[in-house]
>>> print(open('upload-v4.txt').read())   # compact mmCIF, C-alpha atoms
# COMPACT_ATOMS: atom_id res chain seq x y z
CA MET A 1 -38.09 -0.18 35.45
CA LYS A 2 -41.10 -2.20 34.42
CA ASN A 3 -41.99 -5.83 34.72
CA ASP A 4 -41.04 -7.03 31.26
CA GLU A 5 -42.70 -10.38 31.87
CA GLN A 6 -46.15 -8.80 32.05
CA ALA A 7 -47.95 -9.51 28.78
CA ARG A 8 -49.14 -6.33 27.07
CA SER A 9 -50.91 -5.72 23.80
CA LEU A 10 -52.30 -2.74 21.92
CA PHE A 11 -55.58 -3.33 20.07
CA GLY A 12 -54.72 -6.98 19.48
CA ILE A 13 -51.07 -6.34 18.59
CA SER A 14 -48.80 -8.18 21.03
CA LEU A 15 -46.07 -5.97 22.48
CA THR A 16 -44.44 -8.36 24.93
CA GLU A 17 -42.34 -10.45 22.53
CA ARG A 18 -41.23 -7.52 20.37
CA PRO A 19 -37.95 -5.57 20.63
CA ARG A 20 -38.08 -2.29 22.56
CA TRP A 21 -37.85 -0.14 19.43
CA GLN A 22 -40.85 -1.91 17.89
CA GLN A 23 -42.86 -1.45 21.09
CA PHE A 24 -41.99 2.24 21.06
CA LEU A 25 -42.83 2.63 17.37
CA ILE A 26 -46.21 0.89 17.62
CA CYS A 27 -47.32 2.81 20.71
CA SER A 28 -46.07 6.13 19.36
CA SER A 29 -47.82 5.58 16.02
CA GLY A 30 -51.15 4.94 17.74
CA PHE A 31 -50.65 7.99 19.92
CA PHE A 32 -49.67 10.27 17.01
CA PHE A 33 -52.66 9.17 14.93
CA GLY A 34 -55.19 9.61 17.73
CA TYR A 35 -54.03 13.00 18.89
CA LEU A 36 -53.35 14.47 15.46
CA VAL A 37 -57.02 13.85 14.67
CA ASN A 38 -57.91 15.20 18.11
CA GLY A 39 -55.95 18.40 17.49
CA ILE A 40 -57.59 19.09 14.14
CA CYS A 41 -61.07 18.45 15.56
CA GLU A 42 -60.47 20.71 18.57
CA GLU A 43 -59.16 23.50 16.36
CA TYR A 44 -62.28 23.20 14.17
CA VAL A 45 -64.80 23.08 17.04
CA TYR A 46 -63.29 25.80 19.22
CA ASN A 47 -61.91 28.31 16.72
CA ARG A 48 -64.06 27.78 13.64
CA LEU A 49 -67.41 26.95 15.24
CA GLN A 50 -66.76 29.05 18.37
CA PHE A 51 -67.97 26.27 20.70
CA SER A 52 -65.96 26.63 23.93
CA TYR A 53 -67.48 24.16 26.39
CA GLY A 54 -64.49 22.24 27.73
CA TRP A 55 -66.15 20.55 30.71
CA TYR A 56 -69.18 19.44 28.70
CA PHE A 57 -67.08 18.14 25.82
CA THR A 58 -64.93 16.17 28.28
CA PHE A 59 -68.14 14.70 29.73
CA VAL A 60 -69.32 13.58 26.28
CA GLN A 61 -65.87 12.17 25.52
CA GLY A 62 -65.95 10.14 28.73
CA TRP A 63 -69.19 8.41 27.75
CA VAL A 64 -67.72 7.55 24.35
CA TYR A 65 -64.70 5.99 26.10
CA ILE A 66 -66.92 3.88 28.36
CA LEU A 67 -68.99 2.68 25.40
CA LEU A 68 -65.90 1.72 23.37
CA ILE A 69 -64.38 -0.16 26.32
CA TYR A 70 -67.69 -1.97 26.89
CA LEU A 71 -67.79 -3.01 23.22
CA GLN A 72 -64.29 -4.46 23.66
CA GLY A 73 -65.73 -6.84 26.24
CA PHE A 74 -64.18 -5.39 29.38
CA THR A 75 -66.10 -5.94 32.63
CA THR A 76 -65.45 -4.96 36.25
CA LYS A 77 -64.78 -8.64 37.02
CA GLN A 78 -61.48 -8.27 35.16
CA MET A 79 -60.25 -5.53 37.50
CA VAL A 80 -57.11 -6.24 39.52
CA ASN A 81 -57.12 -2.99 41.54
CA PRO A 82 -59.76 -1.70 44.00
CA TRP A 83 -61.90 1.26 42.96
CA LYS A 84 -60.25 3.54 45.53
CA THR A 85 -56.98 3.24 43.58
CA TYR A 86 -58.47 5.42 40.85
CA VAL A 87 -60.11 8.21 42.89
CA LYS A 88 -57.11 10.55 43.02
CA LEU A 89 -56.11 9.63 39.46
CA SER A 90 -59.64 10.34 38.18
CA GLY A 91 -59.75 13.75 39.81
CA VAL A 92 -56.56 14.99 38.17
CA LEU A 93 -57.47 13.34 34.85
CA MET A 94 -60.83 15.06 34.53
CA GLY A 95 -59.47 18.33 35.88
CA SER A 96 -56.65 18.29 33.34
CA ASN A 97 -58.95 17.46 30.42
CA GLY A 98 -61.58 20.02 31.39
CA LEU A 99 -59.12 22.87 31.98
CA THR A 100 -57.22 22.02 28.80
CA LYS A 101 -60.32 22.08 26.61
CA GLY A 102 -61.82 25.07 28.42
CA SER A 103 -58.65 27.13 27.99
CA LEU A 104 -59.25 27.15 24.22
CA ALA A 105 -62.00 29.71 24.83
CA PHE A 106 -59.28 32.17 25.88
CA LEU A 107 -56.17 30.96 24.04
CA ASN A 108 -55.71 30.12 20.41
CA TYR A 109 -54.84 26.48 19.83
CA PRO A 110 -51.07 26.83 19.17
CA ALA A 111 -50.60 28.94 22.33
CA GLN A 112 -52.44 26.37 24.45
CA LEU A 113 -50.48 23.62 22.74
CA MET A 114 -47.18 25.25 23.64
CA PHE A 115 -48.10 25.67 27.29
CA LYS A 116 -49.18 22.03 27.54
CA SER A 117 -45.92 20.93 25.94
CA THR A 118 -43.95 22.21 28.92
CA LYS A 119 -45.42 19.48 31.12
CA VAL A 120 -42.32 17.30 30.72
CA LEU A 121 -40.46 19.40 33.33
CA PRO A 122 -43.11 19.22 36.10
CA VAL A 123 -43.62 15.52 35.30
CA MET A 124 -39.90 14.87 35.84
CA LEU A 125 -39.81 16.93 39.05
CA MET A 126 -42.95 15.34 40.47
CA GLY A 127 -41.64 11.84 39.73
CA ALA A 128 -39.12 12.28 42.56
CA PHE A 129 -41.91 12.59 45.13
CA ILE A 130 -44.53 10.05 44.02
CA PRO A 131 -44.53 6.99 46.33
CA GLY A 132 -43.53 3.86 44.46
CA LEU A 133 -41.45 5.77 41.89
CA ARG A 134 -38.88 8.17 43.41
CA ARG A 135 -37.41 8.76 39.96
CA LYS A 136 -33.99 10.37 39.43
CA TYR A 137 -33.01 11.59 35.97
CA PRO A 138 -29.54 12.34 34.56
CA PRO A 139 -28.56 16.04 34.17
CA HIS A 140 -28.83 16.07 30.37
CA GLU A 141 -32.53 15.17 30.58
CA TYR A 142 -33.21 18.20 32.79
CA ILE A 143 -31.27 20.38 30.32
CA SER A 144 -33.40 18.92 27.54
CA ALA A 145 -36.57 19.82 29.45
CA VAL A 146 -35.35 23.39 30.08
CA LEU A 147 -34.56 23.87 26.38
CA LEU A 148 -38.03 22.63 25.61
CA VAL A 149 -39.68 25.02 28.06
CA VAL A 150 -37.67 28.05 26.86
CA GLY A 151 -38.50 27.25 23.25
CA LEU A 152 -42.19 26.95 24.06
CA ILE A 153 -42.19 30.24 25.95
CA LEU A 154 -40.55 32.01 22.99
CA PHE A 155 -43.10 30.55 20.65
CA THR A 156 -45.99 31.53 22.91
CA LEU A 157 -44.76 35.11 23.25
CA ALA A 158 -44.43 35.38 19.49
CA ASP A 159 -47.91 33.93 19.11
CA ALA A 160 -49.31 36.54 21.53
CA GLN A 161 -48.04 39.25 19.20
CA THR A 162 -49.68 37.82 16.09
CA SER A 163 -52.93 36.31 17.46
CA PRO A 164 -55.78 38.19 19.20
CA ASN A 165 -57.09 35.17 21.14
CA PHE A 166 -54.72 35.26 24.12
CA SER A 167 -55.65 36.15 27.72
CA VAL A 168 -54.51 35.78 31.33
CA ILE A 169 -57.54 33.60 32.18
CA GLY A 170 -56.53 31.10 29.54
CA VAL A 171 -52.94 31.05 30.86
CA LEU A 172 -54.22 30.38 34.40
CA MET A 173 -56.46 27.56 33.19
CA VAL A 174 -53.77 25.83 31.16
CA SER A 175 -51.29 26.29 34.04
CA GLY A 176 -53.73 24.47 36.33
CA ALA A 177 -53.93 21.70 33.74
CA LEU A 178 -50.12 21.48 33.73
CA ILE A 179 -50.02 21.01 37.50
CA MET A 180 -52.54 18.19 37.24
CA ASP A 181 -50.61 16.64 34.34
CA ALA A 182 -47.52 16.52 36.58
CA PHE A 183 -49.43 14.23 38.94
CA LEU A 184 -51.33 12.34 36.23
CA GLY A 185 -48.52 10.59 34.36
CA ASN A 186 -46.61 9.73 37.52
CA LEU A 187 -49.70 8.36 39.27
CA GLN A 188 -50.43 6.18 36.24
CA GLU A 189 -46.85 4.91 36.17
CA ALA A 190 -46.97 4.23 39.93
CA ILE A 191 -50.09 2.07 39.51
CA PHE A 192 -48.47 0.10 36.68
CA THR A 193 -45.29 -0.31 38.73
CA MET A 194 -46.93 -1.42 41.99
CA ASN A 195 -49.35 -3.78 40.22
CA PRO A 196 -47.96 -4.92 36.83
CA GLU A 197 -51.15 -6.92 36.18
CA THR A 198 -53.00 -3.64 35.58
CA THR A 199 -54.12 -3.30 31.95
CA GLN A 200 -54.44 -0.11 29.94
CA THR A 201 -58.14 -0.81 29.42
CA GLU A 202 -58.82 -1.14 33.14
CA MET A 203 -57.01 2.09 33.96
CA LEU A 204 -58.82 4.09 31.28
CA PHE A 205 -62.23 2.61 32.14
CA CYS A 206 -61.97 3.06 35.90
CA SER A 207 -60.37 6.51 35.84
CA THR A 208 -63.02 7.72 33.36
CA LEU A 209 -66.01 6.22 35.18
CA VAL A 210 -64.86 7.40 38.61
CA GLY A 211 -63.94 10.80 37.20
CA MET A 212 -67.27 11.58 35.52
CA PRO A 213 -68.89 12.94 38.73
CA PHE A 214 -65.95 15.36 39.14
CA LEU A 215 -67.11 17.15 35.96
CA ILE A 216 -70.65 17.90 37.19
CA PRO A 217 -69.85 20.65 39.78
CA PRO A 218 -67.84 22.88 37.38
CA MET A 219 -70.50 22.42 34.66
CA LEU A 220 -73.24 23.51 37.06
CA PHE A 221 -71.20 26.28 38.70
CA THR A 222 -70.33 27.93 35.37
CA GLY A 223 -73.71 27.23 33.79
CA GLU A 224 -71.90 25.46 30.98
CA LEU A 225 -74.11 22.35 31.13
CA PHE A 226 -77.26 24.16 29.99
CA LYS A 227 -75.49 26.51 27.56
CA ALA A 228 -73.68 23.63 25.87
CA TRP A 229 -76.84 21.52 25.74
CA ASP A 230 -78.79 24.32 24.01
CA SER A 231 -75.99 25.16 21.57
CA CYS A 232 -75.29 21.55 20.60
CA SER A 233 -79.03 20.82 20.27
CA GLN A 234 -79.25 23.54 17.64
CA HIS A 235 -76.19 22.17 15.82
CA LEU A 236 -76.42 18.40 16.17
CA TYR A 237 -73.53 17.82 13.78
CA VAL A 238 -71.22 19.00 16.60
CA TYR A 239 -71.96 15.74 18.40
CA GLY A 240 -70.75 13.88 15.33
CA VAL A 241 -67.46 15.79 15.44
CA LEU A 242 -67.14 15.16 19.19
CA VAL A 243 -67.80 11.42 18.86
CA PHE A 244 -65.31 11.11 16.00
CA GLU A 245 -62.74 13.07 18.02
CA ALA A 246 -63.36 10.90 21.09
CA MET A 247 -62.90 7.70 19.08
CA ALA A 248 -59.57 8.93 17.73
CA THR A 249 -58.50 10.17 21.17
CA PHE A 250 -59.41 6.77 22.63
CA ILE A 251 -56.76 5.20 20.39
CA GLY A 252 -54.31 7.85 21.53
CA GLN A 253 -55.14 7.38 25.22
CA VAL A 254 -54.65 3.61 25.18
CA SER A 255 -51.38 4.10 23.29
CA VAL A 256 -50.22 6.65 25.88
CA LEU A 257 -50.98 4.25 28.73
CA SER A 258 -48.99 1.57 26.89
CA LEU A 259 -46.04 3.96 26.61
CA ILE A 260 -46.25 4.80 30.33
CA ALA A 261 -46.41 1.13 31.29
CA LEU A 262 -43.42 0.22 29.12
CA PHE A 263 -41.20 3.34 29.13
CA GLY A 264 -42.29 5.57 32.02
CA ALA A 265 -44.00 8.93 32.43
CA ALA A 266 -41.06 11.20 31.51
CA THR A 267 -40.32 9.45 28.19
CA THR A 268 -44.02 9.52 27.38
CA ALA A 269 -44.12 13.27 28.12
CA MET A 270 -41.34 13.79 25.56
CA VAL A 271 -43.29 11.80 22.98
CA THR A 272 -46.40 13.89 23.62
CA THR A 273 -44.28 17.02 23.17
CA ALA A 274 -43.07 15.81 19.80
CA ARG A 275 -46.68 15.16 18.82
CA LYS A 276 -47.64 18.68 19.88
CA ALA A 277 -44.89 20.12 17.66
CA VAL A 278 -46.23 18.18 14.66
CA THR A 279 -49.81 19.23 15.46
CA LEU A 280 -48.66 22.82 15.76
CA LEU A 281 -47.05 22.85 12.33
CA LEU A 282 -50.17 21.25 10.84
CA SER A 283 -52.28 23.94 12.50
CA TYR A 284 -50.27 26.69 10.84
CA LEU A 285 -50.27 24.92 7.47
CA ILE A 286 -53.97 24.01 7.42
CA PHE A 287 -55.37 27.23 8.89
CA THR A 288 -52.79 29.54 7.24
CA LYS A 289 -51.42 31.47 10.20
CA PRO A 290 -48.34 33.73 10.05
CA LEU A 291 -44.97 32.44 11.26
CA THR A 292 -42.30 34.88 12.52
CA GLU A 293 -38.58 34.55 13.25
CA GLN A 294 -39.38 34.18 16.94
CA HIS A 295 -41.63 31.26 16.11
CA GLY A 296 -38.70 29.68 14.26
CA THR A 297 -36.30 30.23 17.19
CA GLY A 298 -38.76 28.64 19.58
CA LEU A 299 -39.23 25.62 17.35
CA LEU A 300 -35.44 25.28 16.98
CA LEU A 301 -34.99 25.14 20.76
CA ILE A 302 -37.80 22.59 20.99
CA ALA A 303 -36.04 20.41 18.42
CA MET A 304 -32.73 20.73 20.33
CA GLY A 305 -34.45 19.65 23.54
CA ILE A 306 -36.01 16.62 21.88
CA VAL A 307 -32.71 15.56 20.28
CA LEU A 308 -30.89 15.94 23.61
CA LYS A 309 -33.50 13.78 25.32
CA MET A 310 -32.85 11.04 22.76
CA LEU A 311 -29.15 10.85 23.67
CA PRO A 312 -28.21 7.88 25.85
CA ALA A 313 -27.47 8.61 29.49
CA ASP A 314 -23.94 7.18 29.24
CA ASN A 315 -22.11 6.66 25.97
CA ASN A 316 -19.18 4.88 27.66
CA PRO A 317 -19.40 1.17 28.27
CA PRO A 318 -19.82 0.25 31.93
CA LYS A 319 -16.59 -0.46 33.74
CA ARG A 320 -16.18 -3.91 35.21
CA LEU A 321 -15.32 -4.08 38.87
CA PRO A 322 -12.30 -6.24 39.84
CA PRO A 323 -13.37 -9.68 41.03
CA THR A 324 -13.63 -10.17 44.78
CA SER A 325 -13.85 -13.28 46.96
CA ASN A 326 -17.66 -13.07 46.84
CA THR A 327 -17.91 -12.56 43.08
CA GLN A 328 -15.73 -15.35 41.62
CA PRO A 329 -16.93 -16.84 38.31
CA LYS A 330 -18.89 -20.03 38.66
CA LEU A 331 -17.02 -21.83 35.90
CA GLU A 332 -13.24 -21.84 35.79
CA ASN A 333 -10.70 -23.27 33.46
CA ALA A 334 -9.92 -26.85 34.45
CA SER A 335 -6.18 -26.31 34.25
CA GLN A 336 -6.43 -23.23 36.46
CA GLY A 337 -8.43 -25.26 38.98
CA GLU A 338 -5.79 -28.00 39.06
CA ASP A 339 -2.99 -25.42 39.50
CA ASN A 340 -4.84 -23.80 42.38
CA ARG A 341 -5.39 -27.16 44.09
CA PHE A 342 -1.70 -28.04 43.58
CA GLN A 343 -0.59 -24.75 45.15
CA ILE A 344 -2.94 -25.19 48.09
CA GLY A 345 -1.67 -28.75 48.60
CA ASN A 346 1.95 -27.58 48.65
CA GLU A 347 1.11 -24.87 51.18
CA GLU A 348 -0.56 -27.44 53.47
CA GLU A 349 2.45 -29.79 53.22
CA GLU A 350 4.83 -26.94 54.10
CA GLU A 351 2.73 -26.09 57.15
CA LYS A 352 2.87 -29.73 58.33
CA ARG A 353 6.68 -29.95 58.05
CA PRO A 354 8.46 -29.77 61.43
CA LEU A 355 10.50 -26.64 61.99
CA VAL A 356 14.24 -27.35 62.05
>>> encode(input="upload-v4.txt", output="structure tokens")
Amino acid sequence: MKNDEQARSLFGISLTERPRWQQFLICSSGFFFGYLVNGICEEYVYNRLQFSYGWYFTFVQGWVYILLIYLQGFTTKQMVNPWKTYVKLSGVLMGSNGLTKGSLAFLNYPAQLMFKSTKVLPVMLMGAFIPGLRRKYPPHEYISAVLLVVGLILFTLADAQTSPNFSVIGVLMVSGALIMDAFLGNLQEAIFTMNPETTQTEMLFCSTLVGMPFLIPPMLFTGELFKAWDSCSQHLYVYGVLVFEAMATFIGQVSVLSLIALFGAATTAMVTTARKAVTLLLSYLIFTKPLTEQHGTGLLLIAMGIVLKMLPADNNPPKRLPPTSNTQPKLENASQGEDNRFQIGNEEEEEKRPLV
């Protein structure tokens, strides 16, 4: 699926020479760390401080990404893809981030988290149509995704009964983010597949830099730019929280791109879903929110979907096809070779004998 010969590393840790399970563990650990911190910070900023400026916060986060990548020594001379490669990717990336963060003004964090967790199904479906991928998944992976979606819907409905911060506008915003996520992971995987020399740093840098202008129109149209500037100027410590969150998310983003490059968009979507489940439980534990039986049923279905996804596609060993004239082994037993030559020689002698 990927070019295993392409050298890849994650923050100085070489991934290329390691077994697949170690690659998965290292990338997943970086992702879990970055986005667990991200989830706690978002919950604090949006629900505790009541700062709901998703487009502006995404804009600030983008500048932090660019600064961190610059400090790592990356320059445009190291690019292996043209800028136009990242235009479409940047649009869906910034749209997804902005709608996701903005939806927290209308949804409480666990409800938004559950909606975003359903992205594995649209990611799998969209993978069949992205040029350069044309992915096909076994039936049990689709069943796993459906279990996941049903569990998340149950949880969300239960959350709507116990939390006041739930509205149709928020559902529409997070649904738009889901549609963009379906394109995002597959487009990233397609770029890695078509040009294996692409690095995670290049993709994050270019997609962020090209995507920054996409954030300006919605900030101006909604008036969020000036409102957020005034509010954050009066509470400067919010910038400290945003920068800290962006630094942690940067680790998570690079880890996600490593997972996509090595394991594909669908597997990465399942990992992000598992992270969302952990973040969700932490949200309820830290901020002391009520859990109902319907919450438990939803989480049980989510766990079943994740376990089913982890099952191998085929537990039976592959059957060997019978050898044909075009697929003979290169090396044969010497005695067998001599017997074959002897038989062939006898057949030739019999053909040469005159018929009586």
>>> closest_residue(input="upload-v4.txt", among="A:Glu43, A:Ser28, A:Tyr86, A:Ser258", to="Thr199 of chain A", atoms="all atoms listed in the file")
A:Ser258
>>> atom_distance(input="upload-v4.txt", atom1="atom CA of Val238 of chain A", atom2="atom CA of Leu107 of chain A")
20.6 Å
>>> closest_residue(input="upload-v4.txt", among="A:Pro217, A:Pro122, A:Pro19, A:Pro82", to="Thr198 of chain A", atoms="all atoms listed in the file")
A:Pro82
>>> atom_distance(input="upload-v4.txt", atom1="atom CA of Tyr65 of chain A", atom2="atom CA of Thr249 of chain A")
9.0 Å
>>> closest_residue(input="upload-v4.txt", among="A:Leu154, A:Leu204, A:Leu71, A:Met124", to="Glu293 of chain A", atoms="only C-alpha atoms")
A:Leu154
>>> residues_around(input="upload-v4.txt", residues="Phe205 of chain A", least_positions_apart="5", cutoff="10 Å", atoms="all atoms listed in the file", output="list of chain:residue names")
A:Gly62, A:Tyr65, A:Ile66, A:Leu67, A:Leu68, A:Ile69, A:Tyr70, A:Phe74, A:Thr75, A:Thr76, A:Met79, A:Tyr86, A:Gln200, A:Val210, A:Gly211
>>> atom_distance(input="upload-v4.txt", atom1="atom CA of Ala269 of chain A", atom2="atom CA of Lys119 of chain A")
7.0 Å
>>> closest_residue(input="upload-v4.txt", among="A:Met180, A:Val241, A:Leu148, A:Met270", to="Ile302 of chain A", atoms="all atoms listed in the file")
A:Leu148
>>> residues_near_point(input="upload-v4.txt", point="(-65.5, 11.9, 21.6)", cutoff="8 Å", atoms="all atoms listed in the file", output="PyMOL selection string")
chain A and resi 57-58+60-65+241-249
>>> closest_residue(input="upload-v4.txt", among="A:Ala145, A:Leu300, A:Ile216, A:Met203", to="Gln78 of chain A", atoms="all atoms listed in the file")
A:Met203
>>> axis_aligned_box(input="upload-v4.txt", around="segment 84-95 of chain A", padding_each_side="3 Å", output="JSON")
{"center_x": -58.5, "center_y": 10.8, "center_z": 40.0, "size_x": 10.7, "size_y": 21.1, "size_z": 17.0}
>>> closest_residue(input="upload-v4.txt", among="A:Pro138, A:Gly185, A:Gly151, A:Gly12", to="Gln253 of chain A", atoms="all atoms listed in the file")
A:Gly185
>>> residues_around(input="upload-v4.txt", residues="Val146 of chain A", least_positions_apart="5", cutoff="9 Å", atoms="only C-alpha atoms", output="ChimeraX atom specification")
/A:118,121,141,151,305
>>> decode(input="upload-v4.txt", residues="segment 187-205 of chain A", atoms="C-alpha atoms", output="PDB file, in the first residue's frame")
ATOM      1  CA  LEU A 187      -6.333  13.494  -0.337  1.00  0.00           C
ATOM      2  CA  GLN A 188      -3.394  13.320   2.067  1.00  0.00           C
ATOM      3  CA  GLU A 189      -2.990   9.592   1.462  1.00  0.00           C
ATOM      4  CA  ALA A 190      -3.206  10.131  -2.309  1.00  0.00           C
ATOM      5  CA  ILE A 191      -0.359  12.670  -2.185  1.00  0.00           C
ATOM      6  CA  PHE A 192       1.805  10.302  -0.138  1.00  0.00           C
ATOM      7  CA  THR A 193       0.980   7.441  -2.512  1.00  0.00           C
ATOM      8  CA  MET A 194       1.635   9.297  -5.777  1.00  0.00           C
ATOM      9  CA  ASN A 195       4.829  10.914  -4.474  1.00  0.00           C
ATOM     10  CA  PRO A 196       6.391   8.841  -1.648  1.00  0.00           C
ATOM     11  CA  GLU A 197       9.161  11.442  -1.251  1.00  0.00           C
ATOM     12  CA  THR A 198       6.619  13.797   0.366  1.00  0.00           C
ATOM     13  CA  THR A 199       7.413  14.405   4.046  1.00  0.00           C
ATOM     14  CA  GLN A 200       4.942  15.044   6.841  1.00  0.00           C
ATOM     15  CA  THR A 201       6.567  18.424   7.510  1.00  0.00           C
ATOM     16  CA  GLU A 202       6.156  19.566   3.914  1.00  0.00           C
ATOM     17  CA  MET A 203       2.499  18.562   3.803  1.00  0.00           C
ATOM     18  CA  LEU A 204       1.654  20.315   7.075  1.00  0.00           C
ATOM     19  CA  PHE A 205       3.622  23.452   6.179  1.00  0.00           C
TER      20      PHE A 205
END
